[in-house]
Amino acid sequence: MSEEKVDWYLDFVDSKREPRKDEIQLLFKVTPAKGFSIEEAAGRIASESSVGTWTTLSTLTQETINRMAKAYRISNDLVWVTYPLELFELGSIPQLFSSVFGNIYGMKAVSRLRIMDIKFPEEYVKSFRGPQFGLEGVQNILKVKGRPILATVPKPKLSPSPEAHAKIGYEIWMGGEDLLKDDENLTSQPFNKFEDRVREVLKYRDKAEKETGERKSALINITAETEEMKRRAKLVKDYGGEFIMIDILTVGWAALQTMREVAEDLGLAIHAHRAFHAAFDKLPDHGATMLVLAKMSRLIGVDLLHIGTGVGKMEGTKSEVIRHKEAVTLEDVPQEDIYFSQKWYGLKPVTPVSSGGLHPGLIPALLDYMGPDIAVQIGGGVLGNPLGARAGAKAARDAIDAWQKKIPLEEYAEKSKELKAALEKWGTKSFE
Ligand code: CAP
Ligand code: MG
């Protein structure tokens, strides 16, 4: 056999290589397959996500050698890799996904792989629009400041008709809420056609605005094939809506980038639901963190994004949810523990949305660590109030008011039968 090397994976590992400011960096949690060292796994990750393959090549050139990604730091099961920026197409999340979220998950030598964090350089960040309205713009649309924006999804899921859906909206708007939100799986079913729902919802919205004198709006789910989403977004605009809701992971990054352009032209804010994220962010040693998905969502430019609660029915610890909030709202995210610092070079903050298993009894605990500059979505916790939808909405508003005034919920409930009914049913317990 010739002396020539068969593979060059370890050429992609270099502890002397310093990441450059203009490079993209990723942090991986790596479980090598049996019989492979962490260095061998790290080399395969850096190789397969940049310019390499399984064997040495007669076609290798110096310019390609200069573009090799390098695993520059390894500590236990953590591997830091730095990538020359020219490996990526500026402004394209699909291409980023194909590079560093692609083949590497399928390599036999890597048993489990989790992307923990990603750091973007200035040139890459500036190749994206970022949010059109952002947190402040959304608060201005709704004329809400100093308190969380309050939304409710009609439950049970998939209201039986557009009128039933819109009437629940009327009740929760009259109860003091700001937004009626479509559920993630409500699009245009035979019993609840999109065209009928958008017309009915915005008709009742106008009625509620007139009767309350407050701004009210709706997060109308346009999730569909991209051309159809464009049509539905135009309908929302034509009927006077201000927001479109998109299930960003089920439509895909390319469609989301297209709809970001459409939203810019129509002047509509984008509410990003993250259904499907747990398929790859739930397992602690595989997939990718919600932190990474949140950063990509801010780059593309959603205006509101579900980031978890830390208390409700969905996965996600308090510290993770706080990290997501910082990543989508701060201009200059500090390095924290193993997680990268990240500057956003003027990209607007995204409105963090906490939702999932919330009810009035959980609001003070949630707001104690999330603060007032978020949106809170409460579905079952409003529509499960024994006194009805409008009472459920008022109970949620009262819980927020109690937190703002630093009044214990039980004390506040002495003057709010609606809050009292919620506390009698759910207390301050979290339900899985
Ligand atoms: C919440 C919800 C949201 C989840 C999504 C649901 O309803 O409408 O889709 O919050 O999870 O369908 O479960 P409830 P996340 O208020 O009745 O729980 O926000 O974690 O992405
Ligand atoms: Mg839902």
# chains A, B, ... in the order shown; residues from 1 in each chain; ligands from 1
$ closest_atom_pairs --of "chain A" --to "ligand 1" --cutoff "6 Å" --atoms "only C-alpha atoms and all ligand atoms" --output "Markdown table"
| residue | atom | partner | partner_atom_place_in_ligand_line | distance |
| --- | --- | --- | --- | --- |
| A:Val153 | CA | ligand 1 | 8 (O) | 5.8 |
| A:Asp183 | CA | ligand 1 | 8 (O) | 5.4 |
| A:Glu184 | CA | ligand 1 | 9 (O) | 5.7 |
| A:Arg274 | CA | ligand 1 | 21 (O) | 5.1 |
| A:Ala275 | CA | ligand 1 | 21 (O) | 5.8 |
| A:His306 | CA | ligand 1 | 19 (O) | 4.9 |
| A:Gly308 | CA | ligand 1 | 20 (O) | 4.6 |
| A:Met314 | CA | ligand 1 | 20 (O) | 5.2 |
| A:Ser354 | CA | ligand 1 | 19 (O) | 5.9 |
| A:Ser355 | CA | ligand 1 | 10 (O) | 3.9 |
| A:Gly356 | CA | ligand 1 | 10 (O) | 3.3 |
| A:Gly357 | CA | ligand 1 | 18 (O) | 3.6 |
| A:Leu358 | CA | ligand 1 | 16 (O) | 5.5 |
| A:Gln377 | CA | ligand 1 | 16 (O) | 5.9 |
| A:Ile378 | CA | ligand 1 | 16 (O) | 4.0 |
| A:Gly379 | CA | ligand 1 | 16 (O) | 3.5 |
| A:Gly380 | CA | ligand 1 | 17 (O) | 3.7 |
$ write_last_selection --atoms "N, CA, C and O atoms" --output "PDB file, in the first residue's frame"
ATOM      1  N   VAL A 153     -55.389  32.397  22.264  1.00  0.00           N
ATOM      2  CA  VAL A 153     -55.780  31.519  21.163  1.00  0.00           C
ATOM      3  C   VAL A 153     -57.105  30.876  21.525  1.00  0.00           C
ATOM      4  O   VAL A 153     -57.221  30.300  22.614  1.00  0.00           O
ATOM      5  N   ASP A 183     -54.477  29.467  16.209  1.00  0.00           N
ATOM      6  CA  ASP A 183     -53.634  28.353  16.650  1.00  0.00           C
ATOM      7  C   ASP A 183     -52.720  27.925  15.508  1.00  0.00           C
ATOM      8  O   ASP A 183     -53.013  28.201  14.330  1.00  0.00           O
ATOM      9  N   GLU A 184     -51.649  27.200  15.871  1.00  0.00           N
ATOM     10  CA  GLU A 184     -50.634  26.870  14.862  1.00  0.00           C
ATOM     11  C   GLU A 184     -51.192  25.945  13.772  1.00  0.00           C
ATOM     12  O   GLU A 184     -50.670  25.933  12.651  1.00  0.00           O
ATOM     13  N   ARG A 274     -43.279  28.583  16.529  1.00  0.00           N
ATOM     14  CA  ARG A 274     -42.112  27.704  16.324  1.00  0.00           C
ATOM     15  C   ARG A 274     -42.473  26.208  16.347  1.00  0.00           C
ATOM     16  O   ARG A 274     -41.626  25.358  16.649  1.00  0.00           O
ATOM     17  N   ALA A 275     -43.748  25.888  16.070  1.00  0.00           N
ATOM     18  CA  ALA A 275     -44.163  24.466  16.050  1.00  0.00           C
ATOM     19  C   ALA A 275     -43.163  23.651  15.223  1.00  0.00           C
ATOM     20  O   ALA A 275     -42.754  24.070  14.146  1.00  0.00           O
ATOM     21  N   HIS A 306     -42.099  32.956  19.596  1.00  0.00           N
ATOM     22  CA  HIS A 306     -42.288  32.118  20.784  1.00  0.00           C
ATOM     23  C   HIS A 306     -40.919  31.648  21.274  1.00  0.00           C
ATOM     24  O   HIS A 306     -40.150  31.066  20.500  1.00  0.00           O
ATOM     25  N   GLY A 308     -40.675  30.302  24.753  1.00  0.00           N
ATOM     26  CA  GLY A 308     -40.834  29.440  25.923  1.00  0.00           C
ATOM     27  C   GLY A 308     -41.262  30.240  27.142  1.00  0.00           C
ATOM     28  O   GLY A 308     -41.314  31.472  27.134  1.00  0.00           O
ATOM     29  N   MET A 314     -44.657  23.434  28.317  1.00  0.00           N
ATOM     30  CA  MET A 314     -43.681  23.089  27.275  1.00  0.00           C
ATOM     31  C   MET A 314     -42.268  23.025  27.855  1.00  0.00           C
ATOM     32  O   MET A 314     -41.955  23.673  28.854  1.00  0.00           O
ATOM     33  N   SER A 354     -44.098  34.437  25.413  1.00  0.00           N
ATOM     34  CA  SER A 354     -44.178  33.297  26.337  1.00  0.00           C
ATOM     35  C   SER A 354     -45.586  32.719  26.254  1.00  0.00           C
ATOM     36  O   SER A 354     -46.571  33.454  26.413  1.00  0.00           O
ATOM     37  N   SER A 355     -45.671  31.431  26.020  1.00  0.00           N
ATOM     38  CA  SER A 355     -46.963  30.786  25.782  1.00  0.00           C
ATOM     39  C   SER A 355     -46.820  29.298  26.071  1.00  0.00           C
ATOM     40  O   SER A 355     -45.735  28.746  25.973  1.00  0.00           O
ATOM     41  N   GLY A 356     -47.950  28.692  26.461  1.00  0.00           N
ATOM     42  CA  GLY A 356     -47.924  27.232  26.652  1.00  0.00           C
ATOM     43  C   GLY A 356     -48.197  26.863  28.089  1.00  0.00           C
ATOM     44  O   GLY A 356     -47.307  26.916  28.933  1.00  0.00           O
ATOM     45  N   GLY A 357     -49.450  26.538  28.380  1.00  0.00           N
ATOM     46  CA  GLY A 357     -49.783  26.093  29.732  1.00  0.00           C
ATOM     47  C   GLY A 357     -49.874  27.222  30.746  1.00  0.00           C
ATOM     48  O   GLY A 357     -49.864  27.001  31.952  1.00  0.00           O
ATOM     49  N   LEU A 358     -49.954  28.461  30.258  1.00  0.00           N
ATOM     50  CA  LEU A 358     -50.018  29.589  31.199  1.00  0.00           C
ATOM     51  C   LEU A 358     -51.454  29.835  31.657  1.00  0.00           C
ATOM     52  O   LEU A 358     -52.407  29.545  30.943  1.00  0.00           O
ATOM     53  N   GLN A 377     -49.110  34.728  25.828  1.00  0.00           N
ATOM     54  CA  GLN A 377     -50.264  34.097  25.182  1.00  0.00           C
ATOM     55  C   GLN A 377     -50.881  33.114  26.172  1.00  0.00           C
ATOM     56  O   GLN A 377     -50.195  32.216  26.675  1.00  0.00           O
ATOM     57  N   ILE A 378     -52.179  33.250  26.431  1.00  0.00           N
ATOM     58  CA  ILE A 378     -52.873  32.362  27.361  1.00  0.00           C
ATOM     59  C   ILE A 378     -54.140  31.858  26.682  1.00  0.00           C
ATOM     60  O   ILE A 378     -55.075  32.625  26.449  1.00  0.00           O
ATOM     61  N   GLY A 379     -54.118  30.553  26.348  1.00  0.00           N
ATOM     62  CA  GLY A 379     -55.282  29.972  25.665  1.00  0.00           C
ATOM     63  C   GLY A 379     -56.206  29.310  26.667  1.00  0.00           C
ATOM     64  O   GLY A 379     -57.156  29.907  27.169  1.00  0.00           O
ATOM     65  N   GLY A 380     -55.819  28.056  27.056  1.00  0.00           N
ATOM     66  CA  GLY A 380     -56.642  27.334  28.025  1.00  0.00           C
ATOM     67  C   GLY A 380     -56.812  28.095  29.325  1.00  0.00           C
ATOM     68  O   GLY A 380     -57.864  28.036  29.973  1.00  0.00           O
TER      69      GLY A 380
END
$ residues_around --residues "stretch 28-32 of chain A" --least-positions-apart "5" --cutoff "7 Å" --atoms "only C-alpha atoms" --output "MDAnalysis selection string"
chainID A and resid 37:38 41 77:80 109:116 285
$ write_last_selection --atoms "N, CA, C and O atoms" --output "PDB file, in the first residue's frame"
ATOM      1  N   SER A  37     -12.488   8.833  18.535  1.00  0.00           N
ATOM      2  CA  SER A  37     -12.128   9.838  19.557  1.00  0.00           C
ATOM      3  C   SER A  37     -12.884  11.130  19.287  1.00  0.00           C
ATOM      4  O   SER A  37     -13.427  11.332  18.181  1.00  0.00           O
ATOM      5  N   ILE A  38     -12.902  12.009  20.266  1.00  0.00           N
ATOM      6  CA  ILE A  38     -13.574  13.316  20.094  1.00  0.00           C
ATOM      7  C   ILE A  38     -12.862  14.105  18.992  1.00  0.00           C
ATOM      8  O   ILE A  38     -13.505  14.798  18.207  1.00  0.00           O
ATOM      9  N   ALA A  41     -14.034  12.773  15.668  1.00  0.00           N
ATOM     10  CA  ALA A  41     -15.404  13.248  15.407  1.00  0.00           C
ATOM     11  C   ALA A  41     -15.373  14.737  15.054  1.00  0.00           C
ATOM     12  O   ALA A  41     -16.025  15.172  14.097  1.00  0.00           O
ATOM     13  N   ASP A  77     -16.952  17.131  25.859  1.00  0.00           N
ATOM     14  CA  ASP A  77     -17.793  16.812  24.680  1.00  0.00           C
ATOM     15  C   ASP A  77     -18.142  18.065  23.878  1.00  0.00           C
ATOM     16  O   ASP A  77     -19.028  18.039  23.033  1.00  0.00           O
ATOM     17  N   LEU A  78     -17.458  19.176  24.154  1.00  0.00           N
ATOM     18  CA  LEU A  78     -17.736  20.429  23.439  1.00  0.00           C
ATOM     19  C   LEU A  78     -16.652  20.697  22.395  1.00  0.00           C
ATOM     20  O   LEU A  78     -15.459  20.523  22.668  1.00  0.00           O
ATOM     21  N   VAL A  79     -17.089  21.073  21.203  1.00  0.00           N
ATOM     22  CA  VAL A  79     -16.161  21.345  20.092  1.00  0.00           C
ATOM     23  C   VAL A  79     -16.510  22.698  19.481  1.00  0.00           C
ATOM     24  O   VAL A  79     -17.660  22.918  19.087  1.00  0.00           O
ATOM     25  N   TRP A  80     -15.534  23.598  19.437  1.00  0.00           N
ATOM     26  CA  TRP A  80     -15.710  24.899  18.825  1.00  0.00           C
ATOM     27  C   TRP A  80     -15.101  24.847  17.426  1.00  0.00           C
ATOM     28  O   TRP A  80     -13.950  24.419  17.276  1.00  0.00           O
ATOM     29  N   ALA A 109     -19.562   8.326  12.321  1.00  0.00           N
ATOM     30  CA  ALA A 109     -18.556   8.496  13.384  1.00  0.00           C
ATOM     31  C   ALA A 109     -19.058   9.400  14.507  1.00  0.00           C
ATOM     32  O   ALA A 109     -18.417   9.514  15.554  1.00  0.00           O
ATOM     33  N   VAL A 110     -20.216  10.077  14.226  1.00  0.00           N
ATOM     34  CA  VAL A 110     -20.758  10.998  15.231  1.00  0.00           C
ATOM     35  C   VAL A 110     -22.103  10.439  15.675  1.00  0.00           C
ATOM     36  O   VAL A 110     -23.071  10.440  14.915  1.00  0.00           O
ATOM     37  N   SER A 111     -22.135   9.952  16.909  1.00  0.00           N
ATOM     38  CA  SER A 111     -23.347   9.278  17.368  1.00  0.00           C
ATOM     39  C   SER A 111     -24.467  10.276  17.693  1.00  0.00           C
ATOM     40  O   SER A 111     -25.612  10.090  17.309  1.00  0.00           O
ATOM     41  N   ARG A 112     -24.148  11.321  18.379  1.00  0.00           N
ATOM     42  CA  ARG A 112     -25.112  12.392  18.696  1.00  0.00           C
ATOM     43  C   ARG A 112     -24.412  13.735  18.464  1.00  0.00           C
ATOM     44  O   ARG A 112     -23.210  13.867  18.719  1.00  0.00           O
ATOM     45  N   LEU A 113     -25.182  14.703  17.990  1.00  0.00           N
ATOM     46  CA  LEU A 113     -24.599  16.015  17.677  1.00  0.00           C
ATOM     47  C   LEU A 113     -25.632  17.091  17.963  1.00  0.00           C
ATOM     48  O   LEU A 113     -26.769  16.985  17.500  1.00  0.00           O
ATOM     49  N   ARG A 114     -25.234  18.095  18.748  1.00  0.00           N
ATOM     50  CA  ARG A 114     -26.180  19.174  19.086  1.00  0.00           C
ATOM     51  C   ARG A 114     -25.449  20.490  18.855  1.00  0.00           C
ATOM     52  O   ARG A 114     -24.375  20.723  19.431  1.00  0.00           O
ATOM     53  N   ILE A 115     -26.044  21.342  18.020  1.00  0.00           N
ATOM     54  CA  ILE A 115     -25.484  22.678  17.850  1.00  0.00           C
ATOM     55  C   ILE A 115     -25.962  23.509  19.028  1.00  0.00           C
ATOM     56  O   ILE A 115     -27.164  23.737  19.182  1.00  0.00           O
ATOM     57  N   MET A 116     -25.028  23.937  19.855  1.00  0.00           N
ATOM     58  CA  MET A 116     -25.382  24.650  21.094  1.00  0.00           C
ATOM     59  C   MET A 116     -25.525  26.143  20.826  1.00  0.00           C
ATOM     60  O   MET A 116     -26.397  26.793  21.383  1.00  0.00           O
ATOM     61  N   ASP A 285     -28.748  16.035  23.921  1.00  0.00           N
ATOM     62  CA  ASP A 285     -27.457  15.736  23.264  1.00  0.00           C
ATOM     63  C   ASP A 285     -27.564  15.662  21.747  1.00  0.00           C
ATOM     64  O   ASP A 285     -26.664  15.182  21.071  1.00  0.00           O
TER      65      ASP A 285
END
$ select_by_dssp --residues "stretch 201-343 of chain A" --states "alpha helix (DSSP H)" --output "MDAnalysis selection string"
chainID A and resid 201:212 226:238 248:251 253:266 278:281 290:300 318:329
$ closest_residue --among "A:Glu228, A:Asp182, A:Asp332, A:Glu4" --to "ligand 2" --atoms "only C-alpha atoms and all ligand atoms"
A:Asp182
$ closest_residue --among "A:Ile363, A:Val302, A:Leu283, A:Met245" --to "A:Gln404" --atoms "only C-alpha atoms"
A:Ile363
$ closest_residue --among "A:Leu409, A:Val353, A:Ala389, A:Leu249" --to "A:Ala365" --atoms "only C-alpha atoms"
A:Leu409
$ residues_around --residues "A:Leu142" --least-positions-apart "3" --cutoff "7 Å" --atoms "only C-alpha atoms" --output "compact mmCIF listing (two decimals) with N, CA, C and O atoms, in the first residue's frame"
# COMPACT_ATOMS: atom_id res chain seq x y z
N VAL A 138 -44.05 46.87 17.58
CA VAL A 138 -45.24 46.07 17.92
C VAL A 138 -45.98 46.73 19.08
O VAL A 138 -47.21 46.87 19.07
N GLN A 139 -45.22 47.20 20.07
CA GLN A 139 -45.87 47.90 21.20
C GLN A 139 -46.57 49.17 20.70
O GLN A 139 -47.68 49.49 21.15
N ASP A 178 -55.20 42.28 24.08
CA ASP A 178 -54.76 43.07 22.92
C ASP A 178 -54.89 42.30 21.61
O ASP A 178 -55.17 42.88 20.56
N ARG A 215 -56.67 49.94 21.20
CA ARG A 215 -56.19 49.24 20.01
C ARG A 215 -56.37 47.73 20.22
O ARG A 215 -56.07 47.22 21.31
N LYS A 216 -56.86 47.07 19.22
CA LYS A 216 -56.98 45.60 19.27
C LYS A 216 -56.47 45.07 17.93
O LYS A 216 -56.56 45.76 16.91
